[in-house]
$ cat coords.tsv   # TSV, N, CA, C and O atoms
chain	number	residue	atom	x	y	z
W	1	MET	N	0.51	-7.62	-23.14
W	1	MET	CA	-0.53	-7.65	-22.13
W	1	MET	C	-1.77	-6.95	-22.70
W	1	MET	O	-1.67	-5.93	-23.35
W	2	SER	N	-2.91	-7.52	-22.41
W	2	SER	CA	-4.14	-6.96	-22.96
W	2	SER	C	-4.49	-5.62	-22.31
W	2	SER	O	-4.05	-5.31	-21.20
W	3	ARG	N	-5.32	-4.87	-23.02
W	3	ARG	CA	-5.75	-3.56	-22.51
W	3	ARG	C	-6.53	-3.71	-21.21
W	3	ARG	O	-6.41	-2.89	-20.30
W	4	SER	N	-7.34	-4.76	-21.12
W	4	SER	CA	-8.13	-4.94	-19.89
W	4	SER	C	-7.22	-5.22	-18.69
W	4	SER	O	-7.48	-4.75	-17.58
W	5	ASN	N	-6.13	-5.95	-18.91
W	5	ASN	CA	-5.17	-6.17	-17.82
W	5	ASN	C	-4.45	-4.88	-17.44
W	5	ASN	O	-4.17	-4.65	-16.25
W	6	GLN	N	-4.14	-4.04	-18.41
W	6	GLN	CA	-3.53	-2.74	-18.12
W	6	GLN	C	-4.47	-1.90	-17.26
W	6	GLN	O	-4.05	-1.26	-16.29
W	7	TRP	N	-5.76	-1.87	-17.62
W	7	TRP	CA	-6.75	-1.13	-16.84
W	7	TRP	C	-6.85	-1.70	-15.43
W	7	TRP	O	-6.94	-0.95	-14.45
W	8	LEU	N	-6.86	-3.02	-15.32
W	8	LEU	CA	-6.99	-3.66	-14.02
W	8	LEU	C	-5.80	-3.34	-13.12
W	8	LEU	O	-5.97	-2.98	-11.95
W	9	LEU	N	-4.59	-3.45	-13.66
W	9	LEU	CA	-3.39	-3.16	-12.86
W	9	LEU	C	-3.31	-1.68	-12.49
W	9	LEU	O	-2.98	-1.33	-11.35
W	10	GLY	N	-3.59	-0.80	-13.44
W	10	GLY	CA	-3.56	0.63	-13.15
W	10	GLY	C	-4.62	1.04	-12.16
W	10	GLY	O	-4.37	1.82	-11.24
W	11	GLY	N	-5.83	0.50	-12.33
W	11	GLY	CA	-6.92	0.81	-11.40
W	11	GLY	C	-6.66	0.26	-10.02
W	11	GLY	O	-6.96	0.91	-9.01
W	12	GLY	N	-6.11	-0.95	-9.95
W	12	GLY	CA	-5.76	-1.53	-8.65
W	12	GLY	C	-4.71	-0.71	-7.92
W	12	GLY	O	-4.81	-0.48	-6.72
W	13	ALA	N	-3.70	-0.27	-8.66
W	13	ALA	CA	-2.65	0.55	-8.06
W	13	ALA	C	-3.23	1.88	-7.56
W	13	ALA	O	-2.91	2.34	-6.47
W	14	LEU	N	-4.10	2.47	-8.37
W	14	LEU	CA	-4.73	3.73	-7.97
W	14	LEU	C	-5.60	3.54	-6.73
W	14	LEU	O	-5.61	4.39	-5.83
W	15	LEU	N	-6.31	2.42	-6.66
W	15	LEU	CA	-7.13	2.14	-5.49
W	15	LEU	C	-6.28	1.97	-4.23
W	15	LEU	O	-6.63	2.49	-3.17
W	16	VAL	N	-5.16	1.28	-4.34
W	16	VAL	CA	-4.26	1.10	-3.19
W	16	VAL	C	-3.75	2.46	-2.71
W	16	VAL	O	-3.71	2.74	-1.51
W	17	LEU	N	-3.36	3.32	-3.65
W	17	LEU	CA	-2.86	4.65	-3.27
W	17	LEU	C	-3.96	5.50	-2.64
W	17	LEU	O	-3.72	6.22	-1.66
W	18	LEU	N	-5.16	5.41	-3.19
W	18	LEU	CA	-6.29	6.17	-2.63
W	18	LEU	C	-6.61	5.69	-1.21
W	18	LEU	O	-6.79	6.51	-0.30
W	19	LEU	N	-6.66	4.39	-1.01
W	19	LEU	CA	-6.92	3.86	0.33
W	19	LEU	C	-5.82	4.22	1.31
W	19	LEU	O	-6.10	4.52	2.47
W	20	SER	N	-4.57	4.22	0.85
W	20	SER	CA	-3.48	4.57	1.75
W	20	SER	C	-3.58	6.03	2.18
W	20	SER	O	-3.13	6.39	3.27
W	21	ALA	N	-4.17	6.87	1.35
W	21	ALA	CA	-4.35	8.27	1.71
W	21	ALA	C	-5.58	8.49	2.59
W	21	ALA	O	-5.60	9.40	3.43
W	22	LEU	N	-6.61	7.67	2.43
W	22	LEU	CA	-7.85	7.85	3.19
W	22	LEU	C	-7.79	7.25	4.60
W	22	LEU	O	-8.44	7.76	5.51
W	23	LEU	N	-7.04	6.18	4.79
W	23	LEU	CA	-6.97	5.53	6.10
W	23	LEU	C	-6.13	6.35	7.07
W	23	LEU	O	-5.23	7.09	6.66
W	24	ASP	N	-6.44	6.20	8.34
W	24	ASP	CA	-5.72	6.91	9.40
W	24	ASP	C	-4.77	5.94	10.10
W	24	ASP	O	-5.22	4.94	10.66
W	25	PRO	N	-3.46	6.22	10.09
W	25	PRO	CA	-2.51	5.32	10.75
W	25	PRO	C	-2.39	5.62	12.25
W	25	PRO	O	-2.60	6.73	12.69
W	26	SER	N	-2.07	4.58	13.00
W	26	SER	CA	-1.74	4.73	14.42
W	26	SER	C	-0.69	3.68	14.77
W	26	SER	O	-0.39	2.82	13.94
W	27	ALA	N	-0.17	3.73	15.96
W	27	ALA	CA	0.85	2.77	16.36
W	27	ALA	C	0.30	1.35	16.44
W	27	ALA	O	1.02	0.38	16.26
W	28	GLN	N	-1.01	1.21	16.72
W	28	GLN	CA	-1.61	-0.11	16.86
W	28	GLN	C	-2.18	-0.67	15.56
W	28	GLN	O	-2.31	-1.87	15.40
W	29	GLY	N	-2.57	0.17	14.63
W	29	GLY	CA	-3.19	-0.30	13.39
W	29	GLY	C	-3.63	0.85	12.52
W	29	GLY	O	-3.07	1.94	12.58
W	30	VAL	N	-4.65	0.59	11.72
W	30	VAL	CA	-5.19	1.63	10.85
W	30	VAL	C	-6.69	1.74	11.09
W	30	VAL	O	-7.34	0.80	11.54
W	31	GLY	N	-7.23	2.89	10.77
W	31	GLY	CA	-8.65	3.12	10.95
W	31	GLY	C	-9.20	4.02	9.88
W	31	GLY	O	-8.47	4.56	9.04
W	32	LEU	N	-10.50	4.19	9.90
W	32	LEU	CA	-11.20	5.05	8.95
W	32	LEU	C	-12.28	5.79	9.70
W	32	LEU	O	-13.18	5.17	10.28
W	33	MET	N	-12.16	7.11	9.74
W	33	MET	CA	-13.13	7.99	10.40
W	33	MET	C	-13.36	7.59	11.86
W	33	MET	O	-14.50	7.48	12.31
W	34	GLY	N	-12.28	7.29	12.58
W	34	GLY	CA	-12.38	6.97	14.00
W	34	GLY	C	-12.61	5.51	14.31
W	34	GLY	O	-12.51	5.10	15.46
W	35	TRP	N	-12.92	4.70	13.32
W	35	TRP	CA	-13.14	3.28	13.55
W	35	TRP	C	-11.86	2.52	13.25
W	35	TRP	O	-11.33	2.59	12.15
W	36	GLU	N	-11.35	1.78	14.25
W	36	GLU	CA	-10.11	1.04	14.09
W	36	GLU	C	-10.38	-0.35	13.50
W	36	GLU	O	-11.28	-1.05	13.96
W	37	PHE	N	-9.60	-0.72	12.50
W	37	PHE	CA	-9.69	-2.07	11.94
W	37	PHE	C	-8.94	-3.03	12.85
W	37	PHE	O	-7.89	-2.70	13.38
W	38	PRO	N	-9.45	-4.24	13.01
W	38	PRO	CA	-8.72	-5.21	13.83
W	38	PRO	C	-7.45	-5.67	13.12
W	38	PRO	O	-7.40	-5.70	11.89
W	39	PRO	N	-6.41	-6.04	13.86
W	39	PRO	CA	-5.19	-6.56	13.23
W	39	PRO	C	-5.50	-7.84	12.45
W	39	PRO	O	-6.26	-8.69	12.91
W	40	LEU	N	-4.92	-7.96	11.26
W	40	LEU	CA	-5.22	-9.09	10.40
W	40	LEU	C	-4.12	-10.15	10.40
W	40	LEU	O	-4.27	-11.18	9.74
W	41	CYS	N	-3.04	-9.93	11.10
W	41	CYS	CA	-1.91	-10.85	11.06
W	41	CYS	C	-2.23	-12.12	11.83
W	41	CYS	O	-2.23	-12.13	13.06
W	42	THR	N	-2.49	-13.18	11.11
W	42	THR	CA	-2.81	-14.46	11.74
W	42	THR	C	-1.63	-15.00	12.53
W	42	THR	O	-1.80	-15.55	13.62
W	43	TRP	N	-0.44	-14.84	12.00
W	43	TRP	CA	0.76	-15.32	12.69
W	43	TRP	C	0.89	-14.68	14.07
W	43	TRP	O	1.14	-15.37	15.06
W	44	ARG	N	0.69	-13.37	14.13
W	44	ARG	CA	0.83	-12.68	15.42
W	44	ARG	C	-0.29	-13.06	16.38
W	44	ARG	O	-0.07	-13.18	17.58
W	45	ARG	N	-1.49	-13.26	15.84
W	45	ARG	CA	-2.60	-13.67	16.71
W	45	ARG	C	-2.37	-15.07	17.29
W	45	ARG	O	-2.72	-15.33	18.43
W	46	LEU	N	-1.79	-15.96	16.48
W	46	LEU	CA	-1.58	-17.34	16.94
W	46	LEU	C	-0.38	-17.49	17.85
W	46	LEU	O	-0.42	-18.26	18.82
W	47	THR	N	0.71	-16.78	17.55
W	47	THR	CA	1.95	-16.98	18.28
W	47	THR	C	2.32	-15.84	19.23
W	47	THR	O	3.08	-16.04	20.16
W	48	GLY	N	1.83	-14.64	18.94
W	48	GLY	CA	2.23	-13.47	19.72
W	48	GLY	C	3.52	-12.84	19.23
W	48	GLY	O	3.96	-11.82	19.76
W	49	TRP	N	4.14	-13.44	18.23
W	49	TRP	CA	5.39	-12.91	17.67
W	49	TRP	C	5.11	-12.11	16.43
W	49	TRP	O	4.20	-12.39	15.67
W	50	ARG	N	5.96	-11.13	16.19
W	50	ARG	CA	5.84	-10.33	14.97
W	50	ARG	C	6.34	-11.15	13.77
W	50	ARG	O	7.34	-11.82	13.86
W	51	CYS	N	5.61	-11.06	12.68
W	51	CYS	CA	6.05	-11.75	11.46
W	51	CYS	C	6.91	-10.77	10.64
W	51	CYS	O	6.95	-9.57	10.95
W	52	PRO	N	7.58	-11.24	9.60
W	52	PRO	CA	8.42	-10.35	8.79
W	52	PRO	C	7.65	-9.21	8.11
W	52	PRO	O	8.22	-8.20	7.75
W	53	GLY	N	6.33	-9.38	7.96
W	53	GLY	CA	5.53	-8.35	7.31
W	53	GLY	C	4.80	-7.43	8.26
W	53	GLY	O	4.08	-6.53	7.83
W	54	CYS	N	4.96	-7.64	9.57
W	54	CYS	CA	4.26	-6.79	10.54
W	54	CYS	C	4.66	-5.33	10.36
W	54	CYS	O	5.84	-5.01	10.29
W	55	GLY	N	3.68	-4.47	10.27
W	55	GLY	CA	3.91	-3.04	10.09
W	55	GLY	C	3.85	-2.59	8.65
W	55	GLY	O	3.89	-1.40	8.37
W	56	LEU	N	3.74	-3.52	7.71
W	56	LEU	CA	3.76	-3.15	6.29
W	56	LEU	C	2.52	-2.35	5.90
W	56	LEU	O	2.63	-1.35	5.18
W	57	THR	N	1.35	-2.75	6.36
W	57	THR	CA	0.13	-2.00	6.03
W	57	THR	C	0.19	-0.60	6.62
W	57	THR	O	-0.11	0.38	5.94
W	58	ARG	N	0.60	-0.51	7.88
W	58	ARG	CA	0.70	0.82	8.50
W	58	ARG	C	1.74	1.67	7.80
W	58	ARG	O	1.57	2.87	7.65
W	59	SER	N	2.82	1.05	7.31
W	59	SER	CA	3.83	1.79	6.57
W	59	SER	C	3.25	2.37	5.28
W	59	SER	O	3.50	3.52	4.94
W	60	PHE	N	2.45	1.56	4.56
W	60	PHE	CA	1.78	2.04	3.34
W	60	PHE	C	0.86	3.23	3.68
W	60	PHE	O	0.83	4.23	2.96
W	61	VAL	N	0.11	3.10	4.77
W	61	VAL	CA	-0.82	4.16	5.15
W	61	VAL	C	-0.08	5.43	5.56
W	61	VAL	O	-0.48	6.54	5.20
W	62	TYR	N	1.01	5.28	6.29
W	62	TYR	CA	1.83	6.45	6.63
W	62	TYR	C	2.35	7.13	5.36
W	62	TYR	O	2.39	8.35	5.26
W	63	MET	N	2.78	6.33	4.38
W	63	MET	CA	3.24	6.91	3.11
W	63	MET	C	2.12	7.68	2.42
W	63	MET	O	2.32	8.76	1.90
W	64	GLY	N	0.93	7.11	2.41
W	64	GLY	CA	-0.21	7.77	1.79
W	64	GLY	C	-0.59	9.06	2.49
W	64	GLY	O	-1.18	9.96	1.88
W	65	ASN	N	-0.25	9.15	3.76
W	65	ASN	CA	-0.53	10.38	4.53
W	65	ASN	C	0.67	11.33	4.55
W	65	ASN	O	0.65	12.32	5.26
W	66	GLY	N	1.71	11.00	3.80
W	66	GLY	CA	2.87	11.89	3.69
W	66	GLY	C	3.82	11.85	4.87
W	66	GLY	O	4.66	12.73	5.00
W	67	GLN	N	3.70	10.86	5.74
W	67	GLN	CA	4.55	10.76	6.91
W	67	GLN	C	5.64	9.72	6.64
W	67	GLN	O	5.60	8.59	7.14
W	68	TRP	N	6.61	10.10	5.83
W	68	TRP	CA	7.63	9.18	5.33
W	68	TRP	C	8.52	8.61	6.43
W	68	TRP	O	8.86	7.44	6.38
W	69	LEU	N	8.90	9.42	7.38
W	69	LEU	CA	9.76	8.94	8.45
W	69	LEU	C	9.06	7.86	9.28
W	69	LEU	O	9.65	6.83	9.60
W	70	GLU	N	7.80	8.09	9.61
W	70	GLU	CA	7.02	7.09	10.34
W	70	GLU	C	6.85	5.82	9.51
W	70	GLU	O	6.84	4.72	10.05
W	71	ALA	N	6.70	5.99	8.20
W	71	ALA	CA	6.57	4.82	7.32
W	71	ALA	C	7.82	3.96	7.39
W	71	ALA	O	7.73	2.73	7.48
W	72	PHE	N	9.00	4.57	7.35
W	72	PHE	CA	10.25	3.81	7.48
W	72	PHE	C	10.37	3.16	8.85
W	72	PHE	O	10.91	2.07	8.98
W	73	ARG	N	9.87	3.82	9.89
W	73	ARG	CA	9.93	3.25	11.23
W	73	ARG	C	9.04	2.02	11.37
W	73	ARG	O	9.38	1.09	12.10
W	74	MET	N	7.90	2.02	10.69
W	74	MET	CA	6.99	0.88	10.76
W	74	MET	C	7.57	-0.34	10.04
W	74	MET	O	7.52	-1.45	10.56
W	75	HIS	N	8.06	-0.14	8.82
W	75	HIS	CA	8.64	-1.23	8.04
W	75	HIS	C	9.42	-0.61	6.90
W	75	HIS	O	8.89	0.18	6.14
W	76	TRP	N	10.67	-1.00	6.75
W	76	TRP	CA	11.52	-0.37	5.74
W	76	TRP	C	11.08	-0.70	4.32
W	76	TRP	O	11.38	0.05	3.38
W	77	LEU	N	10.37	-1.80	4.12
W	77	LEU	CA	9.92	-2.15	2.77
W	77	LEU	C	8.65	-1.40	2.36
W	77	LEU	O	8.31	-1.38	1.19
W	78	GLY	N	7.94	-0.83	3.31
W	78	GLY	CA	6.70	-0.11	3.00
W	78	GLY	C	6.88	1.02	2.01
W	78	GLY	O	6.19	1.07	0.98
W	79	PRO	N	7.81	1.95	2.26
W	79	PRO	CA	8.01	3.02	1.29
W	79	PRO	C	8.49	2.53	-0.07
W	79	PRO	O	8.10	3.08	-1.11
W	80	VAL	N	9.29	1.47	-0.08
W	80	VAL	CA	9.75	0.90	-1.35
W	80	VAL	C	8.56	0.33	-2.13
W	80	VAL	O	8.37	0.61	-3.31
W	81	GLY	N	7.75	-0.46	-1.46
W	81	GLY	CA	6.57	-1.04	-2.10
W	81	GLY	C	5.58	0.01	-2.53
W	81	GLY	O	4.99	-0.07	-3.62
W	82	TRP	N	5.37	1.03	-1.69
W	82	TRP	CA	4.44	2.10	-2.02
W	82	TRP	C	4.93	2.84	-3.27
W	82	TRP	O	4.13	3.18	-4.14
W	83	GLY	N	6.23	3.07	-3.34
W	83	GLY	CA	6.80	3.73	-4.52
W	83	GLY	C	6.60	2.90	-5.79
W	83	GLY	O	6.28	3.43	-6.85
W	84	LEU	N	6.78	1.58	-5.67
W	84	LEU	CA	6.56	0.71	-6.83
W	84	LEU	C	5.10	0.71	-7.28
W	84	LEU	O	4.81	0.70	-8.47
W	85	VAL	N	4.18	0.76	-6.32
W	85	VAL	CA	2.77	0.84	-6.66
W	85	VAL	C	2.46	2.20	-7.30
W	85	VAL	O	1.73	2.28	-8.29
W	86	ALA	N	3.04	3.27	-6.75
W	86	ALA	CA	2.79	4.61	-7.29
W	86	ALA	C	3.30	4.74	-8.73
W	86	ALA	O	2.67	5.43	-9.55
W	87	VAL	N	4.40	4.09	-9.06
W	87	VAL	CA	4.94	4.15	-10.41
W	87	VAL	C	4.02	3.44	-11.40
W	87	VAL	O	4.01	3.77	-12.59
W	88	GLN	N	3.25	2.49	-10.92
W	88	GLN	CA	2.36	1.73	-11.82
W	88	GLN	C	1.29	2.60	-12.46
W	88	GLN	O	0.89	2.34	-13.60
W	89	VAL	N	0.82	3.62	-11.76
W	89	VAL	CA	-0.27	4.44	-12.29
W	89	VAL	C	0.16	5.17	-13.57
W	89	VAL	O	-0.48	5.01	-14.61
W	90	PRO	N	1.24	5.96	-13.57
W	90	PRO	CA	1.63	6.60	-14.84
W	90	PRO	C	2.13	5.60	-15.88
W	90	PRO	O	1.91	5.79	-17.08
W	91	PHE	N	2.77	4.51	-15.42
W	91	PHE	CA	3.25	3.51	-16.37
W	91	PHE	C	2.10	2.84	-17.11
W	91	PHE	O	2.14	2.69	-18.33
W	92	ARG	N	1.05	2.46	-16.38
W	92	ARG	CA	-0.11	1.83	-17.02
W	92	ARG	C	-0.85	2.83	-17.90
W	92	ARG	O	-1.35	2.46	-18.96
W	93	ALA	N	-0.90	4.09	-17.50
W	93	ALA	CA	-1.52	5.11	-18.35
W	93	ALA	C	-0.72	5.28	-19.64
W	93	ALA	O	-1.30	5.40	-20.74
W	94	TRP	N	0.60	5.25	-19.54
W	94	TRP	CA	1.44	5.35	-20.73
W	94	TRP	C	1.23	4.15	-21.64
W	94	TRP	O	1.17	4.28	-22.86
W	95	LYS	N	1.12	2.95	-21.03
W	95	LYS	CA	0.89	1.74	-21.83
W	95	LYS	C	-0.47	1.78	-22.52
W	95	LYS	O	-0.64	1.26	-23.62
W	96	LEU	N	-1.46	2.40	-21.87
W	96	LEU	CA	-2.80	2.48	-22.45
W	96	LEU	C	-2.94	3.58	-23.48
W	96	LEU	O	-3.60	3.39	-24.51
W	97	PHE	N	-2.36	4.73	-23.22
W	97	PHE	CA	-2.61	5.91	-24.05
W	97	PHE	C	-1.38	6.45	-24.76
W	97	PHE	O	-1.45	7.43	-25.48
W	98	GLY	N	-0.21	5.82	-24.52
W	98	GLY	CA	1.04	6.30	-25.10
W	98	GLY	C	1.13	6.06	-26.60
W	98	GLY	O	0.23	5.47	-27.23
W	99	PRO	N	2.23	6.49	-27.19
W	99	PRO	CA	2.38	6.40	-28.65
W	99	PRO	C	2.50	4.97	-29.18
W	99	PRO	O	2.20	4.73	-30.34
W	100	ASN	N	2.88	4.02	-28.36
W	100	ASN	CA	3.09	2.65	-28.83
W	100	ASN	C	1.93	1.71	-28.53
W	100	ASN	O	2.09	0.52	-28.53
W	101	ARG	N	0.79	2.24	-28.24
W	101	ARG	CA	-0.33	1.36	-27.86
W	101	ARG	C	-0.80	0.65	-29.04
W	101	ARG	O	-1.02	-0.23	-29.53
$ encode --input "coords.tsv" --output "structure tokens"
Amino acid sequence: MSRSNQWLLGGGALLVLLLSALLDPSAQGVGLMGWEFPPLCTWRRLTGWRCPGCGLTRSFVYMGNGQWLEAFRMHWLGPVGWGLVAVQVPFRAWKLFGPNR
């Protein structure tokens, strides 16, 4: 994989982690500095039913805010996905600056 792709993946992962820490979670959605973002789930807006991914964004945001139990309550895959994203930052740094670069 090229160095530019390593930078892109590492930077993207870092951005996701930073945003998950900056956003404010709530039971209805996520917000930033008191402003609530509208729900983005098209499936739920069209049908009124929860989709398999409902709660995943809030779960990521709860993880970024250190509220692990709430993250699991929102969606069990959120903490797993957040952990996989978090591992990307040191892994990409190792691929860029490690001994085998």
$ select_by_dssp --input "coords.tsv" --residues "chain W" --states "alpha helix (DSSP H)" --output "PyMOL selection string"
chain W and resi 3-22+42-47+56-64+68-74+77-97
$ closest_residue --input "coords.tsv" --among "W:Gly12, W:Gly81, W:Gly98, W:Gly48" --to "Gly64 in chain W" --atoms "only C-alpha atoms"
W:Gly81
$ atom_distance --input "coords.tsv" --atom1 "CA of Leu9 in chain W" --atom2 "CA of Asn100 in chain W"
18.2 Å
$ closest_residue --input "coords.tsv" --among "W:Leu56, W:Leu14, W:Arg50, W:Trp7" --to "Val30 in chain W" --atoms "only C-alpha atoms"
W:Leu56
$ select_by_dssp --input "coords.tsv" --residues "chain W" --states "strand (DSSP E)" --output "list in words"
Asp24, Pro25, Val30, Gly31, Leu32, Trp35 and Glu36 of chain W
$ closest_residue --input "coords.tsv" --among "W:Gln28, W:Ser2, W:Thr57, W:Gly10" --to "Val87 in chain W" --atoms "only C-alpha atoms"
W:Gly10
$ atom_distance --input "coords.tsv" --atom1 "atom N of Trp68 in chain W" --atom2 "atom N of Gly31 in chain W"
16.4 Å
$ closest_residue --input "coords.tsv" --among "W:Phe72, W:Phe60, W:Phe97, W:Trp49" --to "Gly29 in chain W" --atoms "only C-alpha atoms"
W:Phe60
$ atom_distance --input "coords.tsv" --atom1 "atom C of Lys95 in chain W" --atom2 "CA of Gly11 in chain W"
12.9 Å
$ residues_around --input "coords.tsv" --residues "Pro79 in chain W" --least-positions-apart "5" --cutoff "12 Å" --atoms "only C-alpha atoms" --output "number ranges by chain"
W: 17, 20, 55-74, 84-86
$ closest_residue --input "coords.tsv" --among "W:Gly83, W:Trp76, W:Pro90, W:Phe37" --to "Asp24 in chain W" --atoms "only C-alpha atoms"
W:Phe37
$ residues_around --input "coords.tsv" --residues "Cys51 in chain W" --least-positions-apart "6" --cutoff "8 Å" --atoms "only N, CA, C and O atoms" --output "mmCIF file with N, CA, C and O atoms, in the coordinates of the input"
data_model
loop_
_atom_site.group_PDB
_atom_site.id
_atom_site.type_symbol
_atom_site.label_atom_id
_atom_site.label_comp_id
_atom_site.auth_asym_id
_atom_site.auth_seq_id
_atom_site.Cartn_x
_atom_site.Cartn_y
_atom_site.Cartn_z
ATOM 1 N N CYS W 41 -3.040 -9.930 11.100
ATOM 2 C CA CYS W 41 -1.910 -10.850 11.060
ATOM 3 C C CYS W 41 -2.230 -12.120 11.830
ATOM 4 O O CYS W 41 -2.230 -12.130 13.060
ATOM 5 N N TRP W 43 -0.440 -14.840 12.000
ATOM 6 C CA TRP W 43 0.760 -15.320 12.690
ATOM 7 C C TRP W 43 0.890 -14.680 14.070
ATOM 8 O O TRP W 43 1.140 -15.370 15.060
ATOM 9 N N ARG W 44 0.690 -13.370 14.130
ATOM 10 C CA ARG W 44 0.830 -12.680 15.420
ATOM 11 C C ARG W 44 -0.290 -13.060 16.380
ATOM 12 O O ARG W 44 -0.070 -13.180 17.580
#
$ build_atoms --input "coords.tsv" --residues "range 28-35 of chain W" --atoms "all heavy atoms" --output "PDB file, keeping the file's coordinate frame"
ATOM      1  N   GLN W  28      -1.010   1.210  16.720  1.00  0.00           N
ATOM      2  CA  GLN W  28      -1.610  -0.110  16.860  1.00  0.00           C
ATOM      3  C   GLN W  28      -2.180  -0.670  15.560  1.00  0.00           C
ATOM      4  O   GLN W  28      -2.310  -1.870  15.400  1.00  0.00           O
ATOM      5  CB  GLN W  28      -2.732  -0.091  17.901  1.00  0.00           C
ATOM      6  CG  GLN W  28      -2.236  -0.063  19.323  1.00  0.00           C
ATOM      7  CD  GLN W  28      -1.610   1.284  19.689  1.00  0.00           C
ATOM      8  OE1 GLN W  28      -2.063   2.323  19.229  1.00  0.00           O
ATOM      9  NE2 GLN W  28      -0.575   1.248  20.491  1.00  0.00           N
ATOM     10  N   GLY W  29      -2.570   0.170  14.630  1.00  0.00           N
ATOM     11  CA  GLY W  29      -3.190  -0.300  13.390  1.00  0.00           C
ATOM     12  C   GLY W  29      -3.630   0.850  12.520  1.00  0.00           C
ATOM     13  O   GLY W  29      -3.070   1.940  12.580  1.00  0.00           O
ATOM     14  N   VAL W  30      -4.650   0.590  11.720  1.00  0.00           N
ATOM     15  CA  VAL W  30      -5.190   1.630  10.850  1.00  0.00           C
ATOM     16  C   VAL W  30      -6.690   1.740  11.090  1.00  0.00           C
ATOM     17  O   VAL W  30      -7.340   0.800  11.540  1.00  0.00           O
ATOM     18  CB  VAL W  30      -4.912   1.331   9.345  1.00  0.00           C
ATOM     19  CG1 VAL W  30      -3.435   1.363   9.050  1.00  0.00           C
ATOM     20  CG2 VAL W  30      -5.506   0.016   8.917  1.00  0.00           C
ATOM     21  N   GLY W  31      -7.230   2.890  10.770  1.00  0.00           N
ATOM     22  CA  GLY W  31      -8.650   3.120  10.950  1.00  0.00           C
ATOM     23  C   GLY W  31      -9.200   4.020   9.880  1.00  0.00           C
ATOM     24  O   GLY W  31      -8.470   4.560   9.040  1.00  0.00           O
ATOM     25  N   LEU W  32     -10.500   4.190   9.900  1.00  0.00           N
ATOM     26  CA  LEU W  32     -11.200   5.050   8.950  1.00  0.00           C
ATOM     27  C   LEU W  32     -12.280   5.790   9.700  1.00  0.00           C
ATOM     28  O   LEU W  32     -13.180   5.170  10.280  1.00  0.00           O
ATOM     29  CB  LEU W  32     -11.795   4.221   7.811  1.00  0.00           C
ATOM     30  CG  LEU W  32     -12.507   4.973   6.702  1.00  0.00           C
ATOM     31  CD1 LEU W  32     -11.516   5.890   5.972  1.00  0.00           C
ATOM     32  CD2 LEU W  32     -13.124   4.007   5.716  1.00  0.00           C
ATOM     33  N   MET W  33     -12.160   7.110   9.740  1.00  0.00           N
ATOM     34  CA  MET W  33     -13.130   7.990  10.400  1.00  0.00           C
ATOM     35  C   MET W  33     -13.360   7.590  11.860  1.00  0.00           C
ATOM     36  O   MET W  33     -14.500   7.480  12.310  1.00  0.00           O
ATOM     37  CB  MET W  33     -14.447   8.010   9.627  1.00  0.00           C
ATOM     38  CG  MET W  33     -14.312   8.643   8.272  1.00  0.00           C
ATOM     39  SD  MET W  33     -15.863   8.867   7.406  1.00  0.00           S
ATOM     40  CE  MET W  33     -16.111   7.259   6.709  1.00  0.00           C
ATOM     41  N   GLY W  34     -12.280   7.290  12.580  1.00  0.00           N
ATOM     42  CA  GLY W  34     -12.380   6.970  14.000  1.00  0.00           C
ATOM     43  C   GLY W  34     -12.610   5.510  14.310  1.00  0.00           C
ATOM     44  O   GLY W  34     -12.510   5.100  15.460  1.00  0.00           O
ATOM     45  N   TRP W  35     -12.920   4.700  13.320  1.00  0.00           N
ATOM     46  CA  TRP W  35     -13.140   3.280  13.550  1.00  0.00           C
ATOM     47  C   TRP W  35     -11.860   2.520  13.250  1.00  0.00           C
ATOM     48  O   TRP W  35     -11.330   2.590  12.150  1.00  0.00           O
ATOM     49  CB  TRP W  35     -14.280   2.781  12.668  1.00  0.00           C
ATOM     50  CG  TRP W  35     -14.656   1.366  12.929  1.00  0.00           C
ATOM     51  CD1 TRP W  35     -15.347   0.896  14.007  1.00  0.00           C
ATOM     52  CD2 TRP W  35     -14.365   0.232  12.106  1.00  0.00           C
ATOM     53  NE1 TRP W  35     -15.502  -0.466  13.904  1.00  0.00           N
ATOM     54  CE2 TRP W  35     -14.908  -0.899  12.736  1.00  0.00           C
ATOM     55  CE3 TRP W  35     -13.700   0.065  10.911  1.00  0.00           C
ATOM     56  CZ2 TRP W  35     -14.792  -2.164  12.213  1.00  0.00           C
ATOM     57  CZ3 TRP W  35     -13.584  -1.206  10.384  1.00  0.00           C
ATOM     58  CH2 TRP W  35     -14.146  -2.306  11.036  1.00  0.00           C
TER      59      TRP W  35
END
